[in-house]
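Asks: Below you'll find target.pdb; it's PDB, C-alpha atoms, pLDDT in the B column.
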ATOM      1  CA  MET B  16      60.530  72.129  71.689  1.00 49.00           C
ATOM      2  CA  ARG B  17      62.660  75.221  71.231  1.00 50.00           C
ATOM      3  CA  THR B  18      64.093  75.552  67.787  1.00 54.00           C
ATOM      4  CA  ASN B  19      65.996  78.810  67.613  1.00 54.00           C
ATOM      5  CA  VAL B  20      67.968  81.158  69.833  1.00 53.00           C
ATOM      6  CA  ARG B  21      65.144  83.601  70.484  1.00 52.00           C
ATOM      7  CA  GLU B  22      62.876  80.857  71.693  1.00 52.00           C
ATOM      8  CA  SER B  23      65.643  79.407  73.876  1.00 52.00           C
ATOM      9  CA  LEU B  24      66.052  82.776  75.617  1.00 50.00           C
ATOM     10  CA  THR B  25      62.338  82.810  76.407  1.00 52.00           C
ATOM     11  CA  ALA B  26      61.234  80.815  79.424  1.00 50.00           C
ATOM     12  CA  PHE B  27      57.961  81.109  81.285  1.00 53.00           C
ATOM     13  CA  GLY B  28      56.904  83.993  79.068  1.00 54.00           C
ATOM     14  CA  LYS B  29      59.920  86.202  80.004  1.00 57.00           C
ATOM     15  CA  LYS B  30      62.911  86.991  77.882  1.00 56.00           C
ATOM     16  CA  TYR B  31      66.276  86.498  79.531  1.00 56.00           C
ATOM     17  CA  SER B  32      69.293  88.258  78.110  1.00 58.00           C
ATOM     18  CA  PRO B  33      72.547  89.380  79.671  1.00 57.00           C
ATOM     19  CA  PHE B  34      72.206  92.710  77.866  1.00 57.00           C
ATOM     20  CA  HIS B  35      68.886  93.719  79.417  1.00 59.00           C
ATOM     21  CA  ALA B  36      68.573  95.143  82.899  1.00 60.00           C
ATOM     22  CA  PRO B  37      66.906  92.797  85.390  1.00 59.00           C
ATOM     23  CA  ASP B  38      63.306  93.538  86.175  1.00 65.00           C
ATOM     24  CA  GLU B  39      62.137  94.658  89.615  1.00 66.00           C
ATOM     25  CA  GLN B  40      61.468  91.175  90.984  1.00 67.00           C
ATOM     26  CA  ASN B  41      64.865  89.843  89.930  1.00 74.00           C
ATOM     27  CA  TRP B  42      66.560  92.918  91.348  1.00 73.00           C
ATOM     28  CA  LYS B  43      64.836  92.401  94.708  1.00 80.00           C
ATOM     29  CA  SER B  44      65.948  88.758  94.862  1.00 82.00           C
ATOM     30  CA  ILE B  45      69.529  89.791  94.094  1.00 81.00           C
ATOM     31  CA  GLN B  46      69.382  92.384  96.874  1.00 84.00           C
ATOM     32  CA  ASN B  47      67.937  89.873  99.332  1.00 85.00           C
ATOM     33  CA  GLY B  48      70.678  87.371  98.501  1.00 86.00           C
ATOM     34  CA  LEU B  49      73.420  89.966  99.007  1.00 88.00           C
ATOM     35  CA  LEU B  50      71.880  91.074 102.305  1.00 89.00           C
ATOM     36  CA  ALA B  51      71.767  87.463 103.511  1.00 90.00           C
ATOM     37  CA  ILE B  52      75.441  86.981 102.635  1.00 90.00           C
ATOM     38  CA  ILE B  53      76.437  90.202 104.417  1.00 89.00           C
ATOM     39  CA  PHE B  54      74.346  89.238 107.466  1.00 88.00           C
ATOM     40  CA  CYS B  55      76.038  85.827 107.673  1.00 86.00           C
ATOM     41  CA  MET B  56      79.488  87.394 107.388  1.00 85.00           C
ATOM     42  CA  LEU B  57      78.662  89.846 110.186  1.00 83.00           C
ATOM     43  CA  LEU B  58      77.435  87.019 112.391  1.00 83.00           C
ATOM     44  CA  LEU B  59      80.651  85.091 111.776  1.00 80.00           C
ATOM     45  CA  MET B  60      82.717  88.138 112.703  1.00 78.00           C
ATOM     46  CA  ILE B  61      80.728  88.954 115.834  1.00 79.00           C
ATOM     47  CA  PHE B  62      80.233  85.473 117.305  1.00 76.00           C
ATOM     48  CA  ARG B  63      83.679  83.979 117.146  1.00 72.00           C
ATOM     49  CA  CYS B  64      85.124  81.523 119.590  1.00 68.00           C
ATOM     50  CA  PRO B  65      88.795  81.528 120.620  1.00 68.00           C
ATOM     51  CA  VAL B  66      90.918  78.592 119.570  1.00 65.00           C
ATOM     52  CA  PHE B  67      93.791  77.594 121.810  1.00 65.00           C
ATOM     53  CA  ALA B  68      95.602  75.448 119.273  1.00 60.00           C
ATOM     54  CA  ALA B  69      98.755  77.548 119.426  1.00 59.00           C
ATOM     55  CA  ASP B  70      99.558  76.611 123.005  1.00 59.00           C
ATOM     56  CA  LYS B  71     103.263  75.751 123.281  1.00 62.00           C
ATOM     57  CA  THR B  72     102.886  72.752 125.545  1.00 65.00           C
ATOM     58  CA  GLY B  73     102.485  70.073 122.877  1.00 67.00           C
ATOM     59  CA  THR B  74     104.407  71.544 119.962  1.00 70.00           C
ATOM     60  CA  GLY B  75     107.752  69.970 120.849  1.00 72.00           C
ATOM     61  CA  ALA B  76     107.044  66.663 119.114  1.00 72.00           C
ATOM     62  CA  ILE B  77     105.888  68.363 115.937  1.00 76.00           C
ATOM     63  CA  THR B  78     108.793  70.807 115.911  1.00 80.00           C
ATOM     64  CA  ASN B  79     111.315  68.027 116.468  1.00 81.00           C
ATOM     65  CA  ALA B  80     109.787  65.986 113.632  1.00 82.00           C
ATOM     66  CA  PHE B  81     109.953  68.916 111.226  1.00 85.00           C
ATOM     67  CA  ASN B  82     113.518  69.690 112.295  1.00 86.00           C
ATOM     68  CA  SER B  83     114.612  66.119 111.596  1.00 88.00           C
ATOM     69  CA  ILE B  84     112.907  66.169 108.182  1.00 89.00           C
ATOM     70  CA  TYR B  85     114.599  69.516 107.448  1.00 87.00           C
ATOM     71  CA  GLN B  86     118.000  68.088 108.407  1.00 89.00           C
ATOM     72  CA  ILE B  87     117.497  65.089 106.099  1.00 91.00           C
ATOM     73  CA  ILE B  88     116.471  67.308 103.183  1.00 90.00           C
ATOM     74  CA  ALA B  89     119.365  69.696 103.876  1.00 89.00           C
ATOM     75  CA  ALA B  90     121.835  66.797 103.834  1.00 90.00           C
ATOM     76  CA  ILE B  91     120.420  65.509 100.528  1.00 91.00           C
ATOM     77  CA  VAL B  92     120.596  68.979  98.921  1.00 90.00           C
ATOM     78  CA  SER B  93     124.110  69.509 100.200  1.00 91.00           C
ATOM     79  CA  SER B  94     125.332  66.125  98.904  1.00 91.00           C
ATOM     80  CA  ILE B  95     123.777  66.758  95.476  1.00 92.00           C
ATOM     81  CA  GLY B  96     125.491  70.161  95.489  1.00 91.00           C
ATOM     82  CA  GLN B  97     128.833  68.515  96.252  1.00 92.00           C
ATOM     83  CA  LEU B  98     128.388  66.116  93.343  1.00 92.00           C
ATOM     84  CA  TYR B  99     127.434  68.996  91.057  1.00 92.00           C
ATOM     85  CA  LEU B 100     130.480  70.955  92.277  1.00 92.00           C
ATOM     86  CA  LEU B 101     132.825  68.047  91.544  1.00 93.00           C
ATOM     87  CA  TRP B 102     131.261  67.587  88.109  1.00 92.00           C
ATOM     88  CA  GLY B 103     131.830  71.300  87.396  1.00 91.00           C
ATOM     89  CA  VAL B 104     135.466  71.152  88.541  1.00 92.00           C
ATOM     90  CA  PHE B 105     136.201  68.136  86.338  1.00 92.00           C
ATOM     91  CA  GLU B 106     134.337  69.769  83.442  1.00 91.00           C
ATOM     92  CA  TRP B 107     136.391  72.927  83.923  1.00 90.00           C
ATOM     93  CA  ALA B 108     139.655  70.950  83.993  1.00 89.00           C
ATOM     94  CA  THR B 109     138.645  69.218  80.775  1.00 89.00           C
ATOM     95  CA  ALA B 110     137.641  72.520  79.169  1.00 89.00           C
ATOM     96  CA  LEU B 111     141.026  74.089  79.984  1.00 87.00           C
ATOM     97  CA  ASN B 112     142.712  71.598  77.639  1.00 87.00           C
ATOM     98  CA  GLY B 113     140.568  72.742  74.720  1.00 83.00           C
ATOM     99  CA  ASN B 114     139.909  76.083  73.123  1.00 82.00           C
ATOM    100  CA  ASP B 115     136.157  76.047  73.710  1.00 81.00           C
ATOM    101  CA  GLY B 116     135.125  79.094  75.736  1.00 85.00           C
ATOM    102  CA  THR B 117     131.543  77.917  75.970  1.00 88.00           C
ATOM    103  CA  ALA B 118     132.560  74.744  77.793  1.00 88.00           C
ATOM    104  CA  GLN B 119     134.570  76.789  80.266  1.00 88.00           C
ATOM    105  CA  SER B 120     131.665  79.140  80.972  1.00 89.00           C
ATOM    106  CA  MET B 121     129.313  76.181  81.437  1.00 91.00           C
ATOM    107  CA  ALA B 122     131.832  74.647  83.845  1.00 90.00           C
ATOM    108  CA  PHE B 123     131.969  77.857  85.865  1.00 90.00           C
ATOM    109  CA  LYS B 124     128.159  77.902  85.971  1.00 91.00           C
ATOM    110  CA  ARG B 125     128.160  74.333  87.278  1.00 92.00           C
ATOM    111  CA  ILE B 126     130.767  75.185  89.893  1.00 92.00           C
ATOM    112  CA  SER B 127     128.791  78.196  91.114  1.00 92.00           C
ATOM    113  CA  ALA B 128     125.523  76.191  91.159  1.00 91.00           C
ATOM    114  CA  GLY B 129     127.263  73.448  93.138  1.00 91.00           C
ATOM    115  CA  LEU B 130     128.567  75.971  95.653  1.00 92.00           C
ATOM    116  CA  VAL B 131     125.110  77.479  96.089  1.00 91.00           C
ATOM    117  CA  ALA B 132     123.557  74.025  96.554  1.00 90.00           C
ATOM    118  CA  CYS B 133     126.268  73.044  99.069  1.00 90.00           C
ATOM    119  CA  LEU B 134     125.770  76.209 101.089  1.00 90.00           C
ATOM    120  CA  ALA B 135     121.962  76.374 100.757  1.00 88.00           C
ATOM    121  CA  PRO B 136     121.174  74.907 104.214  1.00 86.00           C
ATOM    122  CA  GLN B 137     123.531  77.361 105.882  1.00 86.00           C
ATOM    123  CA  ILE B 138     122.109  80.264 103.843  1.00 85.00           C
ATOM    124  CA  ILE B 139     118.564  79.309 104.859  1.00 84.00           C
ATOM    125  CA  THR B 140     119.514  79.264 108.547  1.00 82.00           C
ATOM    126  CA  LEU B 141     121.120  82.696 108.179  1.00 82.00           C
ATOM    127  CA  ILE B 142     117.982  84.079 106.541  1.00 80.00           C
ATOM    128  CA  ASN B 143     115.706  82.661 109.260  1.00 73.00           C
ATOM    129  CA  ILE B 144     117.574  84.442 112.054  1.00 53.00           C
TER     130      ILE B 144
END
Write out the structure in this file as structure tokens.
Replies:
Amino acid sequence: MRTNVRESLTAFGKKYSPFHAPDEQNWKSIQNGLLAIIFCMLLLMIFRCPVFAADKTGTGAITNAFNSIYQIIAAIVSSIGQLYLLWGVFEWATALNGNDGTAQSMAFKRISAGLVACLAPQIITLINI
């Protein structure tokens, strides 16, 4: 049974430490492992098979499904933006009656965030062009 650190670093009569250079046998096994990895990578690069998954004959169903999901998400984002815009307008109207400048600036931030959320689907389509 190993009792201290020095004995725990000793196994099979050899001392293992991260601060010592590996001996010749360990260095050869490291080199052989690296050569095997490089050989496998070269084989994967040389012997490749073409994949015809990007053929445009069957992509219509998938594209239509993603377009319908995008339209649903765009409608939800736009409706939340409209609610946020209305909340900002009412908050701004309430803040005009008082003398609180912070409430007015927060209302303007809500109005601008609502406008961005309302126009986000149109902005995304303009960016994708």
Asks: Could you state the separation of CA of Lys124 in chain B and CA of Phe105 in chain B in Å, given to one decimal place?
Replies: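 So the answer is 12.7 Å.
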Asks: Would you list the residues near (133.0, 71.9, 90.5), meaning any protein, DNA or RNA residue with an atom at most 10 Å from that point in file coordinates, counting all atoms listed in the file, as a PyMOL selection string?
Replies: chain B and resi 96-108+122-130
Asks: Using C-alpha atoms, can you write the selected residues to a file as a PDB file, in the coordinates of the input?
Replies:
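Okay, this is what ended up in out12.pdb:
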ATOM      1  CA  GLY B  96     125.491  70.161  95.489  1.00 91.00           C
ATOM      2  CA  GLN B  97     128.833  68.515  96.252  1.00 92.00           C
ATOM      3  CA  LEU B  98     128.388  66.116  93.343  1.00 92.00           C
ATOM      4  CA  TYR B  99     127.434  68.996  91.057  1.00 92.00           C
ATOM      5  CA  LEU B 100     130.480  70.955  92.277  1.00 92.00           C
ATOM      6  CA  LEU B 101     132.825  68.047  91.544  1.00 93.00           C
ATOM      7  CA  TRP B 102     131.261  67.587  88.109  1.00 92.00           C
ATOM      8  CA  GLY B 103     131.830  71.300  87.396  1.00 91.00           C
ATOM      9  CA  VAL B 104     135.466  71.152  88.541  1.00 92.00           C
ATOM     10  CA  PHE B 105     136.201  68.136  86.338  1.00 92.00           C
ATOM     11  CA  GLU B 106     134.337  69.769  83.442  1.00 91.00           C
ATOM     12  CA  TRP B 107     136.391  72.927  83.923  1.00 90.00           C
ATOM     13  CA  ALA B 108     139.655  70.950  83.993  1.00 89.00           C
ATOM     14  CA  ALA B 122     131.832  74.647  83.845  1.00 90.00           C
ATOM     15  CA  PHE B 123     131.969  77.857  85.865  1.00 90.00           C
ATOM     16  CA  LYS B 124     128.159  77.902  85.971  1.00 91.00           C
ATOM     17  CA  ARG B 125     128.160  74.333  87.278  1.00 92.00           C
ATOM     18  CA  ILE B 126     130.767  75.185  89.893  1.00 92.00           C
ATOM     19  CA  SER B 127     128.791  78.196  91.114  1.00 92.00           C
ATOM     20  CA  ALA B 128     125.523  76.191  91.159  1.00 91.00           C
ATOM     21  CA  GLY B 129     127.263  73.448  93.138  1.00 91.00           C
ATOM     22  CA  LEU B 130     128.567  75.971  95.653  1.00 92.00           C
TER      23      LEU B 130
END
Asks: Closest to Ala135 in chain B among B:Gln46, B:Asn79, B:Asn41, B:Gln86, using only C-alpha atoms?
Replies: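 So, comparing all the options, the nearest one is B:Gln86.
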Asks: Between B:Ala80, B:Ile45, B:Leu57, B:Ala89, which has the minimum distance to Ile138 in chain B (counting only C-alpha atoms)?
Replies: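 So, comparing all the options, the nearest one is B:Ala89.
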Asks: For each of B:Met60, B:Val92, B:Ala110, B:Cys55, take the minimum atom-to-atom distance to Pro136 in chain B, counting only C-alpha atoms, then give the residue where this is smallest.
Replies: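 Nearest candidate to Pro136 in chain B out of B:Met60, B:Val92, B:Ala110, B:Cys55: B:Val92.
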Asks: Restricting the calculation to all atoms listed in the file, which member of B:Thr117, B:Ser94, B:Ser44, B:Tyr85 is positioned closest to Ile139 in chain B?
Replies: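 Nearest to Ile139 in chain B: B:Tyr85.
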Asks: One decimal, Å: what's the distance from CA of Ile91 in chain B over to CA of Val131 in chain B, could you say?
Replies: 13.6 Å
Asks: Mind giving me the straight-line distance from CA of Gln137 in chain B to CA of Ile77 in chain B in Å, one decimal?
Replies: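 CA of Ile77 in chain B lies at a distance of 22.2 Å from CA of Gln137 in chain B.
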Asks: Quick one: what's the axis-aligned box for range 48-57 of chain B, all listed atoms, 3 Å on every side, centre and edges in Å to one decimal, as JSON?
Replies:
{"center_x": 75.1, "center_y": 88.5, "center_z": 104.3, "size_x": 14.8, "size_y": 11.2, "size_z": 17.7}
